Structures are given as structure tokens and as C-alpha cells.
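K.L.:
Sharing work-v2.txt, compact mmCIF, C-alpha atoms:
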```
# COMPACT_ATOMS: atom_id res chain seq x y z
CA MET Y 77 7.55 -4.27 23.86
CA VAL Y 78 11.34 -4.21 24.33
CA LEU Y 79 13.55 -5.59 21.57
CA THR Y 80 16.54 -6.74 23.57
CA SER Y 81 16.84 -10.45 22.80
CA ASP Y 82 18.05 -12.66 19.96
CA ARG Y 83 14.59 -14.20 19.67
CA CYS Y 84 12.65 -13.55 16.49
CA LEU Y 85 10.85 -10.25 16.12
CA ALA Y 86 7.39 -11.84 16.16
CA ASP Y 87 8.00 -13.15 19.69
CA PHE Y 88 8.07 -9.58 20.95
CA VAL Y 89 5.08 -8.18 19.10
CA ARG Y 90 2.43 -10.90 18.82
CA ALA Y 91 1.05 -10.13 22.28
CA ASP Y 92 0.15 -6.65 21.00
CA PHE Y 93 -2.26 -8.04 18.37
CA PRO Y 94 -5.40 -9.39 20.06
CA ILE Y 95 -6.94 -10.74 16.85
CA LEU Y 96 -4.09 -13.21 16.37
CA HIS Y 97 -4.91 -15.05 19.59
CA GLN Y 98 -8.00 -16.92 18.45
CA THR Y 99 -9.02 -20.12 16.76
CA VAL Y 100 -10.72 -20.35 13.37
CA ASN Y 101 -12.61 -23.56 12.68
CA GLY Y 102 -11.08 -24.96 15.83
CA LYS Y 103 -7.50 -24.29 14.75
CA PRO Y 104 -5.08 -21.53 15.79
CA LEU Y 105 -5.34 -18.63 13.36
CA ILE Y 106 -2.50 -18.17 10.90
CA TYR Y 107 -2.98 -14.84 9.15
CA PHE Y 108 -1.15 -14.74 5.82
CA ASP Y 109 -3.28 -12.09 4.10
CA ASN Y 110 -1.28 -9.04 5.07
CA ALA Y 111 -0.93 -7.66 1.54
CA ALA Y 112 -4.70 -7.16 1.58
CA SER Y 113 -4.85 -5.68 5.09
CA SER Y 114 -2.76 -5.83 8.23
CA GLN Y 115 -3.88 -6.47 11.79
CA LYS Y 116 -3.95 -3.72 14.43
CA PRO Y 117 -1.91 -3.62 17.66
CA GLU Y 118 -3.35 -2.52 20.99
CA PRO Y 119 -1.70 0.94 20.98
CA VAL Y 120 -3.44 1.75 17.68
CA LEU Y 121 -6.80 0.44 18.86
CA GLN Y 122 -6.40 2.39 22.10
CA ALA Y 123 -5.53 5.62 20.27
CA TRP Y 124 -8.69 5.36 18.18
CA LEU Y 125 -10.83 4.57 21.21
CA ASP Y 126 -9.16 7.27 23.30
CA TYR Y 127 -10.17 9.93 20.78
CA TYR Y 128 -13.84 9.04 21.17
CA HIS Y 129 -13.58 8.58 24.93
CA ARG Y 130 -11.71 11.77 25.75
CA HIS Y 131 -11.78 14.46 23.06
CA ASN Y 132 -14.32 13.68 20.36
CA ALA Y 133 -14.90 16.95 18.52
CA ASN Y 134 -14.43 18.39 15.05
CA VAL Y 135 -11.00 19.70 14.19
CA HIS Y 136 -9.78 23.21 13.29
CA ARG Y 137 -11.38 26.54 14.10
CA GLY Y 138 -13.13 25.29 17.24
CA ALA Y 139 -12.47 27.48 20.26
CA HIS Y 140 -13.39 24.95 22.93
CA THR Y 141 -11.05 22.54 24.68
CA LEU Y 142 -12.21 19.32 23.03
CA SER Y 143 -11.77 20.76 19.54
CA THR Y 144 -8.33 22.04 20.48
CA ARG Y 145 -7.30 18.60 21.74
CA ALA Y 146 -8.67 16.85 18.67
CA THR Y 147 -6.91 19.28 16.36
CA GLU Y 148 -3.59 18.85 18.15
CA GLU Y 149 -3.81 15.05 17.91
CA PHE Y 150 -4.96 15.16 14.27
CA GLU Y 151 -2.11 17.43 13.18
CA ALA Y 152 0.44 15.64 15.33
CA ALA Y 153 -0.39 12.48 13.38
CA ARG Y 154 0.27 14.33 10.13
CA ASP Y 155 3.67 15.39 11.51
CA LYS Y 156 4.43 11.75 12.34
CA VAL Y 157 3.58 10.57 8.82
CA ALA Y 158 5.76 13.31 7.32
CA LYS Y 159 8.72 12.28 9.49
CA PHE Y 160 8.07 8.58 8.79
CA ILE Y 161 8.65 9.01 5.05
CA ASN Y 162 11.06 11.97 5.44
CA ALA Y 163 8.88 14.59 3.76
CA ARG Y 164 10.24 18.12 3.98
CA SER Y 165 7.11 19.38 5.70
CA SER Y 166 3.82 18.09 7.08
CA GLN Y 167 2.16 20.39 4.52
CA GLU Y 168 3.20 17.80 1.95
CA ILE Y 169 0.96 15.16 3.58
CA ILE Y 170 -2.68 15.06 2.47
CA TYR Y 171 -5.07 12.80 4.37
CA THR Y 172 -7.23 10.65 2.09
CA ARG Y 173 -9.56 7.71 2.64
CA ASN Y 174 -7.02 5.35 1.07
CA ALA Y 175 -4.38 5.16 -1.64
CA THR Y 176 -7.08 4.79 -4.30
CA GLU Y 177 -8.50 8.19 -3.43
CA ALA Y 178 -4.99 9.65 -3.36
CA ILE Y 179 -4.28 8.50 -6.92
CA ASN Y 180 -7.66 9.76 -8.10
CA LEU Y 181 -6.90 13.10 -6.46
CA VAL Y 182 -3.77 13.50 -8.57
CA ALA Y 183 -5.52 12.34 -11.74
CA ARG Y 184 -8.51 14.65 -11.27
CA THR Y 185 -6.48 17.73 -10.32
CA TRP Y 186 -2.97 17.75 -11.76
CA GLY Y 187 -3.89 15.37 -14.55
CA GLU Y 188 -6.92 17.23 -15.86
CA ALA Y 189 -5.10 20.55 -15.59
CA ASN Y 190 -1.90 19.47 -17.34
CA LEU Y 191 -2.53 16.66 -19.82
CA GLN Y 192 -3.62 17.18 -23.41
CA GLU Y 193 -4.35 15.02 -26.41
CA GLY Y 194 -1.31 12.98 -27.37
CA ASP Y 195 0.45 13.32 -24.00
CA GLU Y 196 1.68 10.04 -22.57
CA ILE Y 197 1.19 8.24 -19.27
CA VAL Y 198 3.56 5.33 -18.61
CA LEU Y 199 2.33 2.53 -16.33
CA THR Y 200 3.26 -1.12 -15.86
CA VAL Y 201 1.26 -4.28 -16.48
CA MET Y 202 1.74 -5.20 -12.82
CA GLU Y 203 -0.20 -2.20 -11.46
CA HIS Y 204 -3.11 -2.55 -9.04
CA HIS Y 205 -6.38 -1.53 -10.68
CA SER Y 206 -6.28 1.62 -8.57
CA ASN Y 207 -3.19 2.71 -10.50
CA ILE Y 208 -4.73 1.90 -13.89
CA VAL Y 209 -8.40 2.86 -13.89
CA PRO Y 210 -7.97 6.53 -12.83
CA TRP Y 211 -5.48 7.02 -15.66
CA GLN Y 212 -7.82 5.30 -18.13
CA ILE Y 213 -10.55 7.76 -17.15
CA LEU Y 214 -8.11 10.66 -17.46
CA ALA Y 215 -6.97 9.46 -20.89
CA GLN Y 216 -10.57 9.23 -22.08
CA LYS Y 217 -11.20 12.81 -20.93
CA THR Y 218 -8.02 14.38 -22.27
CA GLY Y 219 -6.99 12.23 -25.22
CA ALA Y 220 -3.78 11.21 -23.47
CA VAL Y 221 -2.15 7.91 -24.40
CA LEU Y 222 -1.42 5.05 -21.99
CA LYS Y 223 1.79 3.07 -22.42
CA PHE Y 224 2.68 -0.05 -20.42
CA LEU Y 225 5.92 -1.69 -19.33
CA THR Y 226 5.82 -5.49 -19.10
CA PRO Y 227 7.72 -7.56 -16.53
CA THR Y 228 10.55 -9.80 -17.67
CA ASN Y 229 10.37 -13.58 -17.42
CA LEU Y 230 12.08 -13.20 -14.05
CA GLY Y 231 9.22 -11.03 -12.79
CA LYS Y 232 11.10 -7.73 -12.75
CA LEU Y 233 10.96 -4.43 -14.60
CA ASP Y 234 13.49 -3.74 -17.34
CA LEU Y 235 14.78 -0.17 -17.10
CA GLY Y 236 15.90 -0.43 -20.71
CA GLN Y 237 12.28 -0.84 -21.71
CA LEU Y 238 11.41 2.32 -19.79
CA GLN Y 239 14.12 4.25 -21.61
CA GLN Y 240 12.65 3.08 -24.92
CA VAL Y 241 9.08 4.21 -24.17
CA LEU Y 242 9.93 7.62 -22.67
CA THR Y 243 9.48 10.48 -25.14
CA ASP Y 244 9.14 14.24 -25.03
CA ARG Y 245 5.36 13.67 -24.80
CA THR Y 246 5.63 11.62 -21.61
CA LYS Y 247 4.07 13.61 -18.80
CA LEU Y 248 3.73 10.98 -16.06
CA VAL Y 249 5.24 7.69 -14.96
CA SER Y 250 3.08 6.02 -12.30
CA VAL Y 251 4.50 2.80 -10.91
CA VAL Y 252 4.02 0.38 -8.04
CA HIS Y 253 6.96 0.11 -5.66
CA VAL Y 254 6.25 -3.51 -4.72
CA SER Y 255 4.03 -5.76 -6.82
CA ASN Y 256 1.28 -7.38 -4.77
CA VAL Y 257 1.54 -10.52 -6.94
CA LEU Y 258 5.12 -10.80 -8.16
CA GLY Y 259 6.61 -9.50 -4.93
CA CYS Y 260 9.32 -7.69 -6.89
CA ILE Y 261 10.75 -4.50 -5.42
CA ASN Y 262 10.88 -2.10 -8.34
CA PRO Y 263 13.86 0.28 -8.69
CA VAL Y 264 11.76 3.38 -8.15
CA GLU Y 265 14.70 5.69 -7.52
CA GLU Y 266 16.19 4.86 -10.91
CA ILE Y 267 12.75 5.03 -12.53
CA THR Y 268 12.27 8.51 -11.10
CA GLN Y 269 15.64 9.67 -12.38
CA LEU Y 270 14.92 8.43 -15.91
CA ALA Y 271 11.43 9.96 -15.92
CA HIS Y 272 12.65 13.33 -14.67
CA ARG Y 273 15.33 13.45 -17.35
CA ALA Y 274 12.52 13.06 -19.88
CA GLY Y 275 10.57 15.88 -18.22
CA ALA Y 276 7.90 13.62 -16.70
CA LYS Y 277 6.45 13.58 -13.21
CA VAL Y 278 6.49 10.40 -11.09
CA LEU Y 279 3.87 8.88 -8.80
CA ILE Y 280 4.77 5.87 -6.65
CA ASP Y 281 2.14 3.45 -5.34
CA ALA Y 282 3.81 2.53 -2.05
CA CYS Y 283 0.98 0.54 -0.45
CA GLN Y 284 3.13 -2.60 -0.30
CA SER Y 285 6.37 -0.85 0.66
CA VAL Y 286 5.61 1.84 3.26
CA PRO Y 287 4.44 -0.81 5.80
CA HIS Y 288 7.45 -3.04 5.24
CA MET Y 289 10.64 -1.05 4.63
CA PRO Y 290 12.19 2.38 5.23
CA ILE Y 291 10.93 4.99 2.76
CA ASP Y 292 12.60 8.35 2.12
CA VAL Y 293 10.66 10.47 -0.37
CA GLN Y 294 13.43 13.03 -0.59
CA ALA Y 295 15.94 10.36 -1.57
CA LEU Y 296 13.48 8.88 -4.05
CA ASP Y 297 12.75 12.38 -5.39
CA CYS Y 298 9.27 11.24 -6.48
CA ASP Y 299 6.64 13.90 -7.12
CA TRP Y 300 3.86 11.98 -5.38
CA LEU Y 301 3.64 8.87 -3.23
CA VAL Y 302 0.51 7.17 -1.93
CA ALA Y 303 -0.15 4.66 0.86
CA SER Y 304 -3.09 3.14 2.77
CA GLY Y 305 -3.24 3.07 6.55
CA HIS Y 306 -4.96 -0.29 6.84
CA LYS Y 307 -1.92 -2.06 5.37
CA MET Y 308 0.40 -0.49 7.98
CA CYS Y 309 -1.37 -1.40 11.26
CA ALA Y 310 -3.79 1.56 11.12
CA PRO Y 311 -7.58 1.43 10.65
CA THR Y 312 -9.42 1.35 7.36
CA GLY Y 313 -10.71 4.63 5.98
CA ILE Y 314 -7.44 6.54 6.23
CA GLY Y 315 -4.50 6.88 3.85
CA PHE Y 316 -2.28 9.64 2.61
CA LEU Y 317 -0.88 11.38 -0.42
CA TYR Y 318 2.61 12.81 -0.28
CA GLY Y 319 3.33 15.48 -2.85
CA LYS Y 320 6.10 17.99 -3.34
CA ALA Y 321 4.84 21.27 -1.92
CA GLU Y 322 5.48 23.28 -5.08
CA ILE Y 323 3.42 20.81 -7.14
CA LEU Y 324 0.57 20.59 -4.63
CA THR Y 325 0.41 24.38 -4.49
CA GLU Y 326 -0.14 24.57 -8.26
CA MET Y 327 -2.78 21.82 -8.30
CA PRO Y 328 -6.45 22.87 -8.19
CA PRO Y 329 -8.65 21.54 -5.37
CA PHE Y 330 -10.08 18.04 -5.60
CA LEU Y 331 -13.40 18.45 -3.75
CA GLY Y 332 -15.26 21.60 -2.78
CA GLY Y 333 -16.87 22.32 0.57
CA GLY Y 334 -16.03 23.16 4.12
CA GLU Y 335 -12.48 23.09 5.49
CA MET Y 336 -10.76 23.56 2.11
CA ILE Y 337 -11.71 27.23 1.79
CA ALA Y 338 -10.23 30.56 2.87
CA GLU Y 339 -13.17 32.84 1.94
CA VAL Y 340 -16.52 31.99 0.35
CA TYR Y 341 -18.62 34.55 -1.53
CA LEU Y 342 -21.79 33.99 -3.50
CA TYR Y 343 -20.07 33.66 -6.86
CA HIS Y 344 -16.50 32.69 -6.05
CA SER Y 345 -14.28 31.34 -3.30
CA THR Y 346 -10.64 31.36 -2.32
CA TYR Y 347 -8.91 28.27 -1.04
CA ALA Y 348 -7.01 27.29 2.08
CA ASP Y 349 -3.28 26.74 2.16
CA LEU Y 350 -1.70 23.31 2.08
CA PRO Y 351 -2.59 20.73 3.14
CA HIS Y 352 -6.17 21.74 3.86
CA LYS Y 353 -6.94 22.75 0.27
CA PHE Y 354 -7.34 19.05 -0.51
CA GLU Y 355 -9.24 18.01 2.62
CA ALA Y 356 -12.84 19.09 2.11
CA GLY Y 357 -15.39 18.23 4.78
CA THR Y 358 -15.08 16.59 8.16
CA PRO Y 359 -12.13 14.19 8.01
CA ALA Y 360 -11.66 10.74 9.51
CA ILE Y 361 -10.28 12.21 12.72
CA GLY Y 362 -10.07 9.12 14.90
CA GLU Y 363 -8.61 7.11 12.04
CA ALA Y 364 -5.95 9.75 11.36
CA ILE Y 365 -4.98 9.82 15.03
CA ALA Y 366 -4.76 6.03 14.99
CA LEU Y 367 -2.58 6.24 11.86
CA GLY Y 368 -0.22 8.40 13.88
CA ALA Y 369 -0.21 5.73 16.59
CA ALA Y 370 0.58 3.09 13.96
CA VAL Y 371 3.52 5.17 12.75
CA ASP Y 372 4.73 5.44 16.34
CA TYR Y 373 4.43 1.67 16.74
CA LEU Y 374 6.32 0.85 13.54
CA THR Y 375 8.95 3.47 14.28
CA LYS Y 376 9.57 2.06 17.75
CA ILE Y 377 10.27 -1.36 16.25
CA GLY Y 378 12.31 0.12 13.40
CA MET Y 379 11.50 -0.21 9.73
CA ALA Y 380 14.95 -1.57 8.90
CA LYS Y 381 14.45 -4.29 11.51
CA ILE Y 382 11.00 -5.10 10.11
CA HIS Y 383 12.34 -5.31 6.57
CA ALA Y 384 15.26 -7.55 7.57
CA TYR Y 385 13.00 -9.92 9.50
CA GLU Y 386 10.49 -10.16 6.68
CA GLN Y 387 13.31 -10.88 4.23
CA GLU Y 388 14.26 -13.87 6.38
CA LEU Y 389 10.65 -15.03 6.51
CA VAL Y 390 9.97 -14.77 2.78
CA THR Y 391 13.26 -16.46 1.90
CA TYR Y 392 12.22 -19.36 4.11
CA LEU Y 393 8.67 -19.43 2.70
CA LEU Y 394 9.86 -19.31 -0.90
CA ALA Y 395 12.33 -22.14 -0.31
CA LYS Y 396 9.62 -24.30 1.27
CA LEU Y 397 7.16 -23.66 -1.57
CA GLN Y 398 9.82 -24.39 -4.19
CA GLU Y 399 10.08 -27.89 -2.72
CA ILE Y 400 6.49 -28.58 -3.84
CA PRO Y 401 6.80 -29.63 -7.51
CA GLN Y 402 3.11 -29.09 -8.29
CA LEU Y 403 3.29 -25.33 -7.73
CA THR Y 404 3.88 -22.55 -10.21
CA ILE Y 405 5.41 -19.63 -8.31
CA TYR Y 406 5.34 -16.08 -9.68
CA GLY Y 407 7.95 -13.38 -9.33
CA PRO Y 408 11.71 -13.24 -8.83
CA LYS Y 409 13.61 -15.88 -6.92
CA GLU Y 410 15.47 -13.30 -4.83
CA GLN Y 411 15.28 -9.66 -3.72
CA ARG Y 412 11.55 -9.79 -3.23
CA ALA Y 413 9.11 -8.50 -0.65
CA GLY Y 414 7.31 -10.66 1.91
CA LEU Y 415 4.67 -12.31 -0.28
CA VAL Y 416 4.45 -15.26 -2.65
CA ALA Y 417 1.71 -15.83 -5.23
CA PHE Y 418 1.38 -19.28 -6.75
CA ASN Y 419 -0.90 -21.71 -8.54
CA ALA Y 420 -1.50 -25.44 -8.31
CA PRO Y 421 -1.78 -27.68 -11.38
CA PRO Y 422 -4.79 -27.19 -13.72
CA GLY Y 423 -7.99 -28.41 -12.17
CA ILE Y 424 -7.14 -27.16 -8.68
CA HIS Y 425 -8.49 -23.62 -8.36
CA ALA Y 426 -6.87 -21.04 -6.10
CA ASN Y 427 -10.22 -20.37 -4.45
CA ASP Y 428 -10.53 -24.05 -3.53
CA LEU Y 429 -7.06 -23.97 -1.99
CA ALA Y 430 -7.98 -20.93 0.07
CA ALA Y 431 -11.25 -22.49 1.23
CA PHE Y 432 -9.58 -25.73 2.33
CA LEU Y 433 -6.81 -23.83 4.11
CA ASP Y 434 -9.40 -21.74 5.91
CA GLN Y 435 -10.85 -24.91 7.38
CA GLU Y 436 -7.46 -25.35 9.04
CA GLY Y 437 -7.42 -21.77 10.36
CA ILE Y 438 -5.07 -20.44 7.69
CA ALA Y 439 -6.03 -17.18 5.97
CA ILE Y 440 -4.57 -16.58 2.51
CA ARG Y 441 -5.88 -14.57 -0.45
CA SER Y 442 -7.11 -16.03 -3.74
CA GLY Y 443 -8.31 -14.38 -6.95
CA HIS Y 444 -6.85 -11.74 -9.22
CA HIS Y 445 -5.73 -9.45 -6.36
CA CYS Y 446 -6.98 -6.40 -8.30
CA THR Y 447 -4.36 -7.10 -10.97
CA GLN Y 448 -6.31 -8.65 -13.83
CA PRO Y 449 -3.95 -7.33 -16.57
CA LEU Y 450 -0.97 -8.94 -14.83
CA HIS Y 451 -2.73 -12.27 -14.47
CA ARG Y 452 -3.66 -12.20 -18.15
CA HIS Y 453 -0.01 -11.51 -18.91
CA LEU Y 454 0.88 -14.56 -16.81
CA GLY Y 455 -1.73 -16.63 -18.64
CA VAL Y 456 -3.93 -17.37 -15.62
CA ASN Y 457 -7.22 -16.08 -14.24
CA GLY Y 458 -5.95 -15.70 -10.69
CA SER Y 459 -3.60 -17.06 -8.06
CA ALA Y 460 -3.25 -17.94 -4.40
CA ARG Y 461 -1.15 -15.60 -2.30
CA ALA Y 462 0.50 -15.90 1.08
CA SER Y 463 1.67 -12.54 2.38
CA LEU Y 464 3.65 -11.97 5.56
CA TYR Y 465 4.14 -9.28 8.18
CA PHE Y 466 6.49 -8.86 11.10
CA TYR Y 467 4.15 -10.69 13.51
CA ASN Y 468 4.31 -13.93 11.48
CA THR Y 469 6.66 -16.78 12.35
CA GLN Y 470 8.65 -19.59 10.80
CA GLU Y 471 6.48 -22.05 12.71
CA GLU Y 472 3.40 -20.63 10.98
CA ILE Y 473 5.10 -21.08 7.62
CA ASP Y 474 5.87 -24.72 8.47
CA ARG Y 475 2.24 -25.42 9.34
CA PHE Y 476 0.97 -23.58 6.25
CA VAL Y 477 3.24 -25.57 3.94
CA ALA Y 478 2.29 -28.87 5.58
CA VAL Y 479 -1.42 -28.16 5.29
CA LEU Y 480 -0.97 -26.93 1.71
CA GLN Y 481 0.74 -30.18 0.76
CA ASP Y 482 -2.06 -32.22 2.33
CA THR Y 483 -4.64 -30.09 0.55
CA LEU Y 484 -2.93 -30.50 -2.81
CA ALA Y 485 -2.84 -34.26 -2.31
CA LEU Y 486 -6.53 -34.35 -1.43
CA LEU Y 487 -7.67 -32.08 -4.26
CA GLY Y 488 -5.40 -33.89 -6.70
CA LYS Y 489 -7.42 -37.07 -6.13
CA LEU Y 490 -10.64 -35.22 -6.97
CA VAL Y 491 -9.63 -33.77 -10.35
```
As C-alpha cells, how would this structure be written, given the file I've shared?

P.N.:
Amino acid sequence: MVLTSDRCLADFVRADFPILHQTVNGKPLIYFDNAASSQKPEPVLQAWLDYYHRHNANVHRGAHTLSTRATEEFEAARDKVAKFINARSSQEIIYTRNATEAINLVARTWGEANLQEGDEIVLTVMEHHSNIVPWQILAQKTGAVLKFLTPTNLGKLDLGQLQQVLTDRTKLVSVVHVSNVLGCINPVEEITQLAHRAGAKVLIDACQSVPHMPIDVQALDCDWLVASGHKMCAPTGIGFLYGKAEILTEMPPFLGGGEMIAEVYLYHSTYADLPHKFEAGTPAIGEAIALGAAVDYLTKIGMAKIHAYEQELVTYLLAKLQEIPQLTIYGPKEQRAGLVAFNAPPGIHANDLAAFLDQEGIAIRSGHHCTQPLHRHLGVNGSARASLYFYNTQEEIDRFVAVLQDTLALLGKLV
């Protein structure tokens, strides 16, 4: 893949994604469900397979050649992730199964050790369930209080509202960087500054931003950041937690067992240094190595280039959808990430839209997208969502919109 032409980015990368070159129900596949999970390029698939073909062994402490190779690849991937988000050290990168586990890790360790009755956790109504439920559980255990910011009518966060809810009892602000429904890009750097002035820590759910735009955790100055590999061209079963080293050092372990220990005695144990203190048991070695390959792949393209291309795509998609008068579109009209959630008139369910589109080979998401509180705030049970990645094209958008219009006309006759 050599990016040397004026042609669109997708022209250079689509050949790397074997799954895209198939038909579904007799029609060429159009994959617009990237906010749920991305597809995997050949270099990532090959990295995963190469681990099992050439050096399948457990990592760390093994004296034999295969274990040494596996360990080198496993830790090299951690170094790549650290560089990708500009962490100060690879010790600040903790491998997890996904972002959900990463958030739970923080809640179960730092949260249980530091929050008391009456302390406050500030969230937003637009959070994914994974950034609500762990804090609900923590609040039930500790007596902490949950407070929620609501989006404006334009589908954005109001920093003035944040300033109003922050108090000297606020211990944590945990916020999504990009809403997986509204598509808004939240001002997380400003949010972090306001929270820190109030003495609170900040966790950023970056699942919808790390795959799509440059991320610099040192510039953001967040205390933790989480992401899932499967949304950034890596396999399922691997994600990561970034945390400032001084905070991670103070946090107690999450799980107990092998790998996370220094010394084990019958009645007490001492724990390994970062990052291994939080990585009990045999890890997802092949998946971590493939995550490193995904980082290499995205880095080679360039995250700024990916973001710019996706901005062009979503601007085009949004304009096309706004031409369909029957649709209700959620989120801001500008400065949004590469996804659009919408609903048809009453009587036409989002699930029916998705099913009819699937018959034409078009994959979109329908439902509540793990954001039931947000959909209640919007006054609907769910929505349809088209979400883009750098391998999608304007031509795919044109076909999607045409089929959507035909589907709306057909379903409109049935209600």
C-alpha cells in the first residue's frame, strides 16, 4: 500500500481487507457497521497467524527460544500502542480483553480504594453502558453519588453545565470522547482541565476516537484512557488501558494469580511492577501481537490522513441523509465523527430498515447501541446507524442512500 496518488484513501486500502470482497444476498457487501467493530487487514491477520505458526509459547520467564520470541513480539506490541497514543512509557499500557474490562479495572481498584460515601462521579447521558454500569456498581458499594451531564439540543456537551456540577466532592469525571450515537467529538482536553482544577481524576472512553483520529494522552492530560482493539483493525479479545504511571502504581491489583506476582508465600504475596501487576494469568498473546500489527498498519497510513478522509465521507453522508425529509437525524450538523444515527417516521422500525438493507448487502446497526439512557433522553427506543471507516467510499454512500430511499418508500406503504 503506497499513498502517492490523488485518488481517495479507500482505493489504496480496500485490497488489504479480504472480507470486503464478497457478496451478501447476491449483492456486493457494503459494511457500514464500523462503530460496532472494524474489519481486519491482511497484515493483522497474518501477524496473528504467524504467532501460532512460528512461535506459539507462553510469554515471560520462559528460557526457551519460542517463549523468548513470543515475549519479544508481545512486548513490542505494547511499545507500539504506547507510541501510538504518545504515552510516556509502555509501562502505562495495560492489556485488557476490551475497553469494558479496562473501565471495570479502574472502578474495582482505584474506585474501591478511593471513593467514600457522598463522593461524586460525573458521567454523561450519552455514555456507553460500559461507562455507566461499572460506576453504578461502585456507587452501590461505596455510597458515592452519580451525576450526569445532558447533551444540548445540538447534540453536544455544554462545558458550562460541567462547571456547575463539579464540587469539592467530585472524585472522577468519566466521559466518552466520541458518542457512538450522536457522533459528537467531545472537548475532552477542556473537560480534563476543568475536572483537574476541581481535584477530580478523568477517564476517557476512546473506543470511537483512537481508531479514527490522532490521540495524544500527554496533551489530553487524562488520568486513564481506554480503547478496544476490534474497533481499530485488531482482533476481538484485546484492548488496553492507559494510565498515568504514578496512579497505576498506587492502585491495588485487579485480579490475583500467575504473572501479576513478584513473590508468593502461604499467607501473603508481593506484586509485580507495572504493567504486569494488572495482567494476571496467560494473556491473549496472539491478539496482542495482532494489535501491534494494527497499530503499524494505521500508523503507516497516518491517523491525520484517516481522520481527514473520514470527515469528507461523513460530511457527504450527512448531506445526503438530510435530503430525505422522512428522517430524524441525531447529533450535531458539523464537527462530528464518521457515523450518523437516524430514525424513520413512526411505524417504520430501525430493525426493519436494517433487515431490508441487509437483503441488499448493506450492513448497518439498529437498536439502542448500548446507550439506552441516551435514547430515552432522545425520546426513542432505538435508532439506525451507519458508521464509516477509511476503507469506505462515496460510491458506497450513494448506493446506501438510494437503497434506503427505496426501502422507506416500500415500508411507508405498509404502515

K.L.:
List the neighbours of region 122-135 of chain Y out to 6 Å using all atoms listed in the file; skip same-chain residues closer than 5 positions along the sequence, and give me the result as a PDB file with C-alpha atoms, in the frame of the given file.

P.N.:
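What follows is the written file part.pdb:
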```
ATOM      1  CA  LEU Y 142     -12.210  19.320  23.030  1.00  0.00           C
ATOM      2  CA  SER Y 143     -11.770  20.760  19.540  1.00  0.00           C
ATOM      3  CA  ALA Y 146      -8.670  16.850  18.670  1.00  0.00           C
ATOM      4  CA  THR Y 147      -6.910  19.280  16.360  1.00  0.00           C
ATOM      5  CA  GLY Y 362     -10.070   9.120  14.900  1.00  0.00           C
ATOM      6  CA  ALA Y 366      -4.760   6.030  14.990  1.00  0.00           C
TER       7      ALA Y 366
END
```

K.L.:
With all atoms listed in the file as the basis for distance, which of Y:Ile365, Y:Ala356, Y:Ala303, Y:Ala178 is at the shortest distance from Glu148 (chain Y)?

P.N.:
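Once distances to Glu148 (chain Y) are computed over all atoms listed in the file, the minimum belongs to Y:Ile365.
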
K.L.:
Considering only C-alpha atoms, return as a ChimeraX atom specification whatever protein or nucleic-acid residues lie within 10 Å of Asn180 (chain Y), sequence-local ones (same chain, fewer than 6 positions apart) excluded.

P.N.:
/Y:186-187,206-207,209-211,213-214,330

K.L.:
Return the single residue from Y:Cys309, Y:Leu350, Y:Val251, Y:Ala295 that is closest to Met327 (chain Y), with distances computed using all atoms listed in the file.

P.N.:
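The answer is Y:Leu350, which sits nearest to Met327 (chain Y).
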
K.L.:
Can you tell me, as a list in words, what residues are no more than 9 Å from Asp92 (chain Y) when counting only C-alpha atoms, ignoring any on the same chain fewer than 6 positions away?

P.N.:
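Answer for this query is Met77, Lys116, Pro117, Glu118 and Pro119 of chain Y.
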
K.L.:
Keeping only C-alpha atoms, write those residues as a PDB file, in the frame of the given file.

P.N.:
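Output below, filename again_29.pdb:
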```
ATOM      1  CA  MET Y  77       7.550  -4.270  23.860  1.00  0.00           C
ATOM      2  CA  LYS Y 116      -3.950  -3.720  14.430  1.00  0.00           C
ATOM      3  CA  PRO Y 117      -1.910  -3.620  17.660  1.00  0.00           C
ATOM      4  CA  GLU Y 118      -3.350  -2.520  20.990  1.00  0.00           C
ATOM      5  CA  PRO Y 119      -1.700   0.940  20.980  1.00  0.00           C
TER       6      PRO Y 119
END
```

K.L.:
If we draw a sphere of 10 Å around (7.5, 19.1, -3.3), which residues have at least one atom in it when counting all atoms listed in the file? Please report them as a list in words.

P.N.:
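Residues close enough to count: Ala163, Arg164, Ser165, Gln167, Glu168, Val293, Gln294, Asp297, Cys298, Asp299, Trp300, Tyr318, Gly319, Lys320, Ala321, Glu322, Ile323, Leu324 and Thr325 of chain Y.
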
K.L.:
Separation of CA of Gln269 (chain Y) and CA of Ala220 (chain Y), in Å?

P.N.:
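CA of Ala220 (chain Y) lies 22.4 Å from CA of Gln269 (chain Y).
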
K.L.:
Mind giving me the straight-line distance from CA of Val340 (chain Y) to CA of Ile169 (chain Y) in Å, one decimal?

P.N.:
24.5 Å

K.L.:
Between Y:Leu464, Y:Ile95, Y:Leu454, Y:Met308, single out the one closest to Pro227 (chain Y), counting all atoms listed in the file.

P.N.:
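Once distances to Pro227 (chain Y) are computed over all atoms listed in the file, the minimum belongs to Y:Leu454.
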
K.L.:
Which residues, written as number ranges by chain, have at least one atom at most 8 Å from region 271-284 of chain Y, with only C-alpha atoms counted and residues fewer than 2 positions away on the same chain left out?

P.N.:
Y: 111, 175, 207, 242-244, 246-256, 264, 267-269, 286-288, 298-304, 307
